[in-house]
file query.cif (mmCIF, C-alpha atoms and all ligand atoms)
data_structure
loop_
_atom_site.label_atom_id
_atom_site.label_comp_id
_atom_site.auth_asym_id
_atom_site.auth_seq_id
_atom_site.Cartn_x
_atom_site.Cartn_y
_atom_site.Cartn_z
CA MET D 1 116.09 69.42 98.05
CA ASN D 2 112.61 69.55 96.55
CA PHE D 3 111.34 72.80 98.05
CA VAL D 4 107.80 72.31 96.75
CA GLU D 5 107.42 68.95 98.53
CA GLU D 6 109.02 70.20 101.75
CA ILE D 7 106.99 73.39 101.86
CA ASN D 8 103.79 71.41 101.26
CA ARG D 9 104.67 69.00 104.07
CA LEU D 10 105.55 71.77 106.53
CA ARG D 11 102.52 73.95 105.88
CA LYS D 12 100.21 71.00 106.53
CA GLU D 13 102.09 69.90 109.63
CA LYS D 14 102.07 73.44 111.08
CA ASN D 15 98.64 74.59 109.91
CA ALA D 16 100.29 77.45 108.04
CA VAL D 17 98.81 79.50 105.23
CA ILE D 18 101.05 80.99 102.54
CA MET D 19 100.00 84.36 101.14
CA ALA D 20 101.82 86.00 98.23
CA HIS D 21 101.68 89.37 96.52
CA TYR D 22 101.58 89.53 92.70
CA TYR D 23 105.15 90.87 92.72
CA GLN D 24 106.61 87.63 94.06
CA GLU D 25 108.61 85.30 91.80
CA SER D 26 106.44 82.83 89.87
CA ALA D 27 107.37 79.74 91.95
CA ILE D 28 106.21 81.47 95.14
CA GLN D 29 102.96 82.59 93.52
CA ASP D 30 102.38 79.01 92.31
CA ILE D 31 102.78 77.45 95.75
CA ALA D 32 100.86 80.10 97.71
CA ASP D 33 97.38 79.40 99.10
CA TYR D 34 96.40 82.95 98.24
CA VAL D 35 97.87 85.37 95.70
CA GLY D 36 96.57 88.90 95.62
CA ASP D 37 97.05 92.62 95.85
CA SER D 38 97.64 94.55 99.08
CA LEU D 39 93.93 94.81 99.84
CA ALA D 40 93.19 91.12 99.31
CA LEU D 41 96.17 90.12 101.45
CA ALA D 42 94.86 92.25 104.33
CA GLN D 43 91.34 90.85 103.91
CA TRP D 44 92.58 87.24 103.94
CA ALA D 45 94.89 87.88 106.90
CA ALA D 46 91.94 89.25 108.88
CA LYS D 47 89.88 86.10 108.50
CA THR D 48 92.23 83.14 108.28
CA ASP D 49 91.98 80.42 110.92
CA ALA D 50 95.48 79.10 110.25
CA SER D 51 97.98 79.17 113.14
CA ILE D 52 100.77 80.67 111.05
CA ILE D 53 100.61 83.22 108.23
CA VAL D 54 103.63 83.26 105.93
CA MET D 55 103.50 86.60 104.17
CA CYS D 56 105.44 86.44 100.92
CA GLY D 57 105.60 90.13 100.26
CA VAL D 58 107.25 93.05 101.99
CA HIS D 59 107.46 93.99 105.64
CA PHE D 60 104.46 96.34 105.83
CA MET D 61 102.26 93.52 104.50
CA GLY D 62 103.48 91.28 107.32
CA GLU D 63 102.83 94.06 109.83
CA THR D 64 99.31 94.60 108.50
CA ALA D 65 98.63 90.85 108.83
CA LYS D 66 100.00 90.82 112.40
CA ILE D 67 97.94 93.88 113.39
CA LEU D 68 94.78 92.24 112.04
CA SER D 69 95.53 88.80 113.48
CA PRO D 70 97.60 89.45 116.62
CA ASP D 71 97.16 85.92 117.97
CA LYS D 72 98.72 84.35 114.87
CA LYS D 73 102.40 83.90 114.21
CA VAL D 74 103.28 85.97 111.12
CA LEU D 75 106.43 85.02 109.22
CA ILE D 76 108.16 86.66 106.26
CA PRO D 77 110.78 84.77 104.22
CA ASP D 78 113.29 87.65 104.29
CA ALA D 79 113.17 90.22 107.09
CA GLU D 80 115.04 92.71 104.87
CA ALA D 81 112.15 92.87 102.40
CA GLY D 82 111.24 96.49 103.03
CA CYS D 83 109.66 99.12 100.79
CA SER D 84 111.15 102.34 99.39
CA LEU D 85 107.76 104.03 99.59
CA ALA D 86 107.22 103.13 103.25
CA ASP D 87 110.81 104.30 103.92
CA SER D 88 110.03 107.67 102.31
CA CYS D 89 107.69 108.45 105.21
CA PRO D 90 109.33 108.24 108.67
CA ALA D 91 106.72 108.32 111.45
CA ASP D 92 108.28 111.24 113.38
CA LYS D 93 108.38 113.46 110.26
CA PHE D 94 104.85 112.48 109.30
CA ALA D 95 103.64 113.33 112.84
CA GLU D 96 105.24 116.78 112.46
CA PHE D 97 103.53 117.28 109.07
CA ILE D 98 100.15 116.41 110.62
CA LYS D 99 100.82 118.82 113.50
CA GLN D 100 101.69 121.62 111.10
CA ASN D 101 98.44 121.07 109.20
CA PRO D 102 95.71 120.69 111.84
CA GLY D 103 92.08 119.95 111.01
CA HIS D 104 92.82 117.37 108.31
CA THR D 105 91.63 113.78 108.03
CA VAL D 106 94.75 111.68 107.59
CA ILE D 107 94.65 109.04 104.85
CA SER D 108 97.64 106.74 104.47
CA TYR D 109 98.44 104.28 101.77
CA VAL D 110 98.92 100.75 103.14
CA ASN D 111 102.58 100.98 102.04
CA THR D 112 103.57 102.52 105.39
CA SER D 113 105.02 101.36 108.69
CA ALA D 114 102.72 100.40 111.56
CA ALA D 115 103.89 103.59 113.33
CA VAL D 116 102.60 105.74 110.43
CA LYS D 117 99.32 103.81 110.38
CA ALA D 118 98.97 104.60 114.10
CA LEU D 119 98.91 108.33 113.14
CA THR D 120 96.29 107.74 110.46
CA ASP D 121 92.48 108.02 110.30
CA ILE D 122 91.89 105.75 107.29
CA VAL D 123 94.26 103.39 105.49
CA VAL D 124 93.76 102.85 101.75
CA THR D 125 95.26 100.66 99.04
CA SER D 126 95.50 101.44 95.35
CA THR D 127 92.36 99.32 94.81
CA ASN D 128 90.09 101.27 97.14
CA ALA D 129 91.72 104.73 97.47
CA ARG D 130 89.36 106.45 95.03
CA LYS D 131 86.23 104.87 96.51
CA ILE D 132 87.25 105.77 100.07
CA VAL D 133 88.20 109.36 99.21
CA ASP D 134 84.92 109.72 97.30
CA SER D 135 82.99 108.51 100.36
CA LEU D 136 84.16 111.54 102.41
CA PRO D 137 82.33 114.90 102.30
CA LYS D 138 83.54 117.10 99.42
CA ASP D 139 84.76 119.85 101.75
CA GLU D 140 86.70 117.53 104.10
CA LYS D 141 90.33 118.60 104.39
CA ILE D 142 92.57 115.61 103.76
CA ILE D 143 96.25 114.81 104.22
CA PHE D 144 97.30 111.96 101.94
CA GLY D 145 100.57 110.08 102.36
CA PRO D 146 103.04 108.89 101.45
CA ASP D 147 102.82 108.41 97.67
CA ARG D 148 102.74 111.71 95.74
CA ASN D 149 101.93 109.96 92.46
CA LEU D 150 98.94 108.04 93.81
CA GLY D 151 97.87 111.17 95.70
CA ASN D 152 98.07 113.36 92.58
CA TYR D 153 96.18 110.74 90.61
CA ILE D 154 93.40 110.52 93.22
CA ASN D 155 93.23 114.34 93.32
CA SER D 156 92.83 114.42 89.53
CA VAL D 157 90.06 111.80 89.34
CA THR D 158 88.10 113.00 92.39
CA GLY D 159 88.54 116.77 91.94
CA ARG D 160 90.01 117.04 95.45
CA ASN D 161 92.92 119.06 96.62
CA MET D 162 94.39 116.70 99.21
CA LEU D 163 97.58 117.83 100.88
CA LEU D 164 100.26 115.35 99.78
CA TRP D 165 103.27 113.90 101.52
CA ASP D 166 106.21 113.94 99.09
CA GLY D 167 107.07 110.24 98.94
CA ALA D 168 107.39 107.76 96.08
CA CYS D 169 108.17 104.18 95.10
CA THR D 170 111.59 103.96 93.44
CA VAL D 171 110.43 101.03 91.30
CA HIS D 172 107.34 102.66 89.79
CA GLU D 173 109.06 106.03 89.40
CA GLN D 174 111.53 104.37 87.02
CA PHE D 175 109.00 103.86 84.25
CA SER D 176 109.55 106.46 81.57
CA VAL D 177 107.40 107.88 78.79
CA GLU D 178 110.34 107.56 76.35
CA LYS D 179 110.73 103.80 76.86
CA ILE D 180 106.99 103.18 76.64
CA VAL D 181 106.69 105.28 73.46
CA GLU D 182 109.59 103.27 71.95
CA LEU D 183 107.76 100.03 72.83
CA LYS D 184 104.56 101.38 71.29
CA LYS D 185 106.40 101.68 67.95
CA GLN D 186 107.10 97.94 68.14
CA TYR D 187 103.60 97.07 69.35
CA PRO D 188 101.33 99.78 67.91
CA ASN D 189 98.12 98.03 68.98
CA ALA D 190 99.20 97.45 72.56
CA LYS D 191 97.23 99.15 75.31
CA VAL D 192 99.26 100.66 78.15
CA LEU D 193 98.25 99.55 81.66
CA ALA D 194 99.86 101.49 84.52
CA HIS D 195 99.89 101.37 88.31
CA PRO D 196 99.01 104.73 89.94
CA GLU D 197 102.39 104.76 91.71
CA CYS D 198 103.91 105.69 88.29
CA LYS D 199 104.76 109.31 87.50
CA LYS D 200 102.05 111.59 86.10
CA ALA D 201 103.54 111.63 82.56
CA VAL D 202 103.29 107.82 82.39
CA LEU D 203 99.74 107.84 83.78
CA LEU D 204 98.72 110.43 81.17
CA LEU D 205 99.73 108.14 78.32
CA ALA D 206 98.18 105.02 79.89
CA ASP D 207 94.96 103.56 78.50
CA PHE D 208 94.11 102.20 81.94
CA VAL D 209 95.34 103.11 85.42
CA GLY D 210 94.72 100.78 88.34
CA SER D 211 96.06 98.58 91.12
CA THR D 212 97.63 95.22 90.33
CA GLN D 213 94.25 93.51 90.79
CA ALA D 214 92.47 96.13 88.66
CA ILE D 215 95.07 95.77 85.88
CA LEU D 216 94.61 92.00 85.92
CA ASN D 217 90.82 92.34 85.78
CA TYR D 218 90.95 94.95 83.01
CA ALA D 219 93.10 92.73 80.78
CA GLY D 220 90.39 90.06 80.99
CA LYS D 221 87.41 92.34 80.42
CA THR D 222 88.60 94.13 77.28
CA ASP D 223 88.74 92.63 73.78
CA ASP D 224 92.26 94.00 73.32
CA LYS D 225 94.92 91.35 72.87
CA GLU D 226 98.20 93.15 73.55
CA PHE D 227 99.30 95.14 76.59
CA ILE D 228 102.34 97.06 77.79
CA VAL D 229 102.34 96.67 81.55
CA ALA D 230 103.85 99.45 83.69
CA THR D 231 104.08 97.88 87.12
CA GLU D 232 106.37 95.34 88.77
CA SER D 233 106.81 92.52 86.29
CA GLY D 234 105.73 89.78 88.73
CA ILE D 235 102.11 90.53 87.79
CA LEU D 236 102.76 89.24 84.26
CA HIS D 237 102.88 85.68 85.61
CA LYS D 238 99.22 85.71 86.63
CA MET D 239 98.20 87.71 83.54
CA ARG D 240 99.72 85.11 81.23
CA LEU D 241 98.15 82.23 83.17
CA ALA D 242 94.73 83.86 83.22
CA TYR D 243 94.73 85.01 79.58
CA PRO D 244 97.06 82.74 77.58
CA ASP D 245 95.75 84.03 74.24
CA LYS D 246 96.86 87.59 75.03
CA ASN D 247 100.32 89.17 74.82
CA PHE D 248 101.75 90.97 77.84
CA ILE D 249 104.87 93.07 77.43
CA PRO D 250 106.62 94.41 80.54
CA ALA D 251 107.48 98.12 80.41
CA PRO D 252 111.22 98.50 81.04
CA PRO D 253 112.73 100.85 83.60
CA ALA D 254 114.49 104.01 82.33
CA ASP D 255 118.31 104.08 82.17
CA SER D 256 118.61 100.32 82.09
CA THR D 257 119.11 97.54 79.61
CA CYS D 258 116.74 95.31 81.60
CA ALA D 259 113.55 94.40 79.77
CA CYS D 260 111.41 94.47 82.89
CA ASN D 261 111.19 96.22 86.22
CA GLU D 262 111.47 94.18 89.41
CA CYS D 263 111.17 95.36 93.01
CA ALA D 264 114.45 94.39 94.66
CA TYR D 265 112.71 94.16 98.05
CA MET D 266 109.95 91.83 96.85
CA ARG D 267 112.50 89.67 95.07
CA LEU D 268 114.50 89.05 98.25
CA ASN D 269 111.97 86.31 98.99
CA THR D 270 112.90 82.99 97.41
CA MET D 271 111.62 79.41 97.60
CA GLU D 272 114.62 78.46 99.74
CA LYS D 273 113.92 81.29 102.21
CA LEU D 274 110.23 80.36 102.25
CA TYR D 275 111.17 76.79 103.14
CA ASN D 276 113.60 77.90 105.86
CA CYS D 277 111.13 80.31 107.35
CA LEU D 278 108.43 77.63 107.58
CA LYS D 279 110.88 75.14 109.03
CA ASN D 280 112.46 77.47 111.63
CA GLU D 281 109.43 79.74 112.16
CA THR D 282 111.60 82.80 111.72
CA PRO D 283 111.91 85.68 110.80
CA GLU D 284 108.77 86.57 112.69
CA VAL D 285 106.98 89.91 112.19
CA THR D 286 106.12 91.62 115.46
CA VAL D 287 104.41 94.94 116.14
CA ASP D 288 104.59 96.90 119.39
CA GLU D 289 101.26 96.39 121.18
CA ALA D 290 100.57 100.07 121.82
CA VAL D 291 101.30 100.90 118.16
CA ALA D 292 99.14 97.98 116.99
CA ARG D 293 96.21 99.16 119.15
CA GLU D 294 96.18 102.48 117.25
CA ALA D 295 97.15 101.12 113.83
CA VAL D 296 94.33 98.57 113.74
CA LYS D 297 91.66 101.30 113.79
CA PRO D 298 92.39 102.89 110.37
CA ILE D 299 92.93 99.45 108.83
CA LEU D 300 89.55 98.19 110.09
CA ARG D 301 87.98 101.39 108.82
CA MET D 302 89.43 100.65 105.40
CA LEU D 303 88.11 97.07 105.44
CA GLU D 304 84.67 98.37 106.43
CA LEU D 305 84.66 101.06 103.69
CA SER D 306 85.84 98.52 101.07
CA LYS D 307 82.80 96.23 101.45
P1 LIG W 1 98.74 96.93 95.05
O1 LIG W 1 98.97 95.58 95.60
O2 LIG W 1 97.70 97.66 95.84
O3 LIG W 1 98.46 96.97 93.61
O4 LIG W 1 100.07 97.79 95.32
C1 LIG W 1 101.24 97.55 94.69
C2 LIG W 1 102.43 97.76 95.51
O5 LIG W 1 103.24 98.59 95.28
C3 LIG W 1 102.65 96.87 96.59
O6 LIG W 1 103.83 97.18 97.11
FE1 LIG W 2 107.43 99.23 97.86
FE2 LIG W 2 107.56 99.97 95.33
FE3 LIG W 2 108.43 97.55 96.03
FE4 LIG W 2 105.79 98.09 96.08
S1 LIG W 2 107.11 98.03 94.29
S2 LIG W 2 106.99 97.04 97.66
S3 LIG W 2 105.82 100.27 96.68
S4 LIG W 2 109.31 99.51 96.68
#

call {"tool": "encode", "arguments": {"input": "query.cif", "output": "structure tokens"}}
result
Amino acid sequence: MNFVEEINRLRKEKNAVIMAHYYQESAIQDIADYVGDSLALAQWAAKTDASIIVMCGVHFMGETAKILSPDKKVLIPDAEAGCSLADSCPADKFAEFIKQNPGHTVISYVNTSAAVKALTDIVVTSTNARKIVDSLPKDEKIIFGPDRNLGNYINSVTGRNMLLWDGACTVHEQFSVEKIVELKKQYPNAKVLAHPECKKAVLLLADFVGSTQAILNYAGKTDDKEFIVATESGILHKMRLAYPDKNFIPAPPADSTCACNECAYMRLNTMEKLYNCLKNETPEVTVDEAVAREAVKPILRMLELSK
């Protein structure tokens, strides 16, 4: 079967839009109508006039799209595509944490379940977290969850002392200083680009820290020609397409012979599953209406503050 032809036929027939995160396999990125970071995916989902959104990413991205566009059908190629970071913050435990620390504004990273967003005052992504935190009064007490690495990073660049939830992404936590230093011996001129979900030691040796979109933009703006990239290796596809004269080297995970680091959840989505999900209109992402009514508020606040 020619999946490209079939997917093209079905999306036209069903007025469906295909959105993909930068961590998707190359073939999915190539066929998607939109490819972007978590923030861009939310922004596009909020304004599309398609009848169906196929979210090629992980479950929380589908939930965010559904919360923003409740009248659309939101599909995800593999319903098991979850997120270790979202899993590190169960809603009942997070509610308890908020209760134990009253008087705080609650900021949650978009990598959370809809139930956690419903407990939140403002949602952020790695692209806008610094800007949004900076927009709040200096003495505002803030709880930040669930990523301790992003939270620590934002504390360090904003001079805040946000109270952090102790969660992490198992993919980004695997990048190690040792492996990157070894790579630097091979590529002494390479600049290190790292996602803020990486551990502090990796961020300290990085030449640039930013979201997937910011990393992509930075590689284009600088005159440097060689980069070691410490985030999920799917982003290298767009980097190589956008800047074919530059050399992008994926940072490997620690304790592994693999040359690059892939998110097992993101990579559950395949072209075959994308085709099946368009054809059968399943798996569908649904969000409890009462939860969605609360969760939409901090997401809309984020979209407003990101303008
Ligand atoms: P961004 O899309 O904000 O760069 O986040 C990366 C990520 O971990 C998505 O799961
Ligand atoms: Fe979640 Fe990490 Fe995968 Fe992103 S890379 S979807 S944060 S597990």

call {"tool": "atom_distance", "arguments": {"input": "query.cif", "atom1": "atom CA of Ser51 of chain D", "atom2": "atom CA of Val35 of chain D"}}
result
18.5 Å

call {"tool": "residues_around", "arguments": {"input": "query.cif", "residues": "segment 86-102 of chain D", "least_positions_apart": "6", "cutoff": "12 Å", "atoms": "all atoms listed in the file", "output": "PyMOL selection string"}}
result
chain D and resi 58-61+108-121+141-148+162-170+265+291

call {"tool": "residues_around", "arguments": {"input": "query.cif", "residues": "segment 10-12 of chain D", "least_positions_apart": "2", "cutoff": "10 Å", "atoms": "only C-alpha atoms", "output": "count of residues only"}}
result
16

call {"tool": "closest_residue", "arguments": {"input": "query.cif", "among": "D:Thr64, D:Ser26, D:Thr48, D:Ser126", "to": "ligand LIG 1 (chain W)", "atoms": "all atoms listed in the file"}}
result
D:Ser126

call {"tool": "closest_residue", "arguments": {"input": "query.cif", "among": "D:His237, D:His104, D:Lys221, D:His195", "to": "ligand LIG 2 (chain W)", "atoms": "only C-alpha atoms and all ligand atoms"}}
result
D:His195

call {"tool": "residues_near_ligand", "arguments": {"input": "query.cif", "ligand": "ligand LIG 1 (chain W)", "cutoff": "8 Å", "atoms": "only C-alpha atoms and all ligand atoms", "output": "ChimeraX atom specification"}}
result
/D:21-23,36-39,57-58,83,111,125-127,169,172,195,197,210-214,232

call {"tool": "write_last_selection", "arguments": {"input": "query.cif", "atoms": "C-alpha atoms", "output": "compact mmCIF listing (two decimals), in the coordinates of the input"}}
result
# COMPACT_ATOMS: atom_id res chain seq x y z
CA HIS D 21 101.68 89.37 96.52
CA TYR D 22 101.58 89.53 92.70
CA TYR D 23 105.15 90.87 92.72
CA GLY D 36 96.57 88.90 95.62
CA ASP D 37 97.05 92.62 95.85
CA SER D 38 97.64 94.55 99.08
CA LEU D 39 93.93 94.81 99.84
CA GLY D 57 105.60 90.13 100.26
CA VAL D 58 107.25 93.05 101.99
CA CYS D 83 109.66 99.12 100.79
CA ASN D 111 102.58 100.98 102.04
CA THR D 125 95.26 100.66 99.04
CA SER D 126 95.50 101.44 95.35
CA THR D 127 92.36 99.32 94.81
CA CYS D 169 108.17 104.18 95.10
CA HIS D 172 107.34 102.66 89.79
CA HIS D 195 99.89 101.37 88.31
CA GLU D 197 102.39 104.76 91.71
CA GLY D 210 94.72 100.78 88.34
CA SER D 211 96.06 98.58 91.12
CA THR D 212 97.63 95.22 90.33
CA GLN D 213 94.25 93.51 90.79
CA ALA D 214 92.47 96.13 88.66
CA GLU D 232 106.37 95.34 88.77

call {"tool": "atom_distance", "arguments": {"input": "query.cif", "atom1": "atom CA of Tyr243 of chain D", "atom2": "atom CA of Asn261 of chain D"}}
result
21.0 Å

call {"tool": "residues_around", "arguments": {"input": "query.cif", "residues": "Lys191 of chain D", "least_positions_apart": "4", "cutoff": "9 Å", "atoms": "only C-alpha atoms", "output": "VMD selection string"}}
result
chain D and resid 184 187 206 to 208 224 to 229

call {"tool": "write_last_selection", "arguments": {"input": "query.cif", "atoms": "C-alpha atoms", "output": "PDB file, in the frame of the given file"}}
result
ATOM      1  CA  LYS D 184     104.560 101.380  71.290  1.00  0.00           C
ATOM      2  CA  TYR D 187     103.600  97.070  69.350  1.00  0.00           C
ATOM      3  CA  ALA D 206      98.180 105.020  79.890  1.00  0.00           C
ATOM      4  CA  ASP D 207      94.960 103.560  78.500  1.00  0.00           C
ATOM      5  CA  PHE D 208      94.110 102.200  81.940  1.00  0.00           C
ATOM      6  CA  ASP D 224      92.260  94.000  73.320  1.00  0.00           C
ATOM      7  CA  LYS D 225      94.920  91.350  72.870  1.00  0.00           C
ATOM      8  CA  GLU D 226      98.200  93.150  73.550  1.00  0.00           C
ATOM      9  CA  PHE D 227      99.300  95.140  76.590  1.00  0.00           C
ATOM     10  CA  ILE D 228     102.340  97.060  77.790  1.00  0.00           C
ATOM     11  CA  VAL D 229     102.340  96.670  81.550  1.00  0.00           C
TER      12      VAL D 229
END

call {"tool": "atom_distance", "arguments": {"input": "query.cif", "atom1": "atom CA of Ala194 of chain D", "atom2": "atom CA of Pro298 of chain D"}}
result
26.9 Å

call {"tool": "closest_residue", "arguments": {"input": "query.cif", "among": "D:Leu268, D:Val157, D:Val202, D:Ile180", "to": "ligand LIG 2 (chain W)", "atoms": "only C-alpha atoms and all ligand atoms"}}
result
D:Leu268

call {"tool": "closest_residue", "arguments": {"input": "query.cif", "among": "D:Lys73, D:Ser233, D:Glu178, D:Val209", "to": "Arg130 of chain D", "atoms": "only C-alpha atoms"}}
result
D:Val209
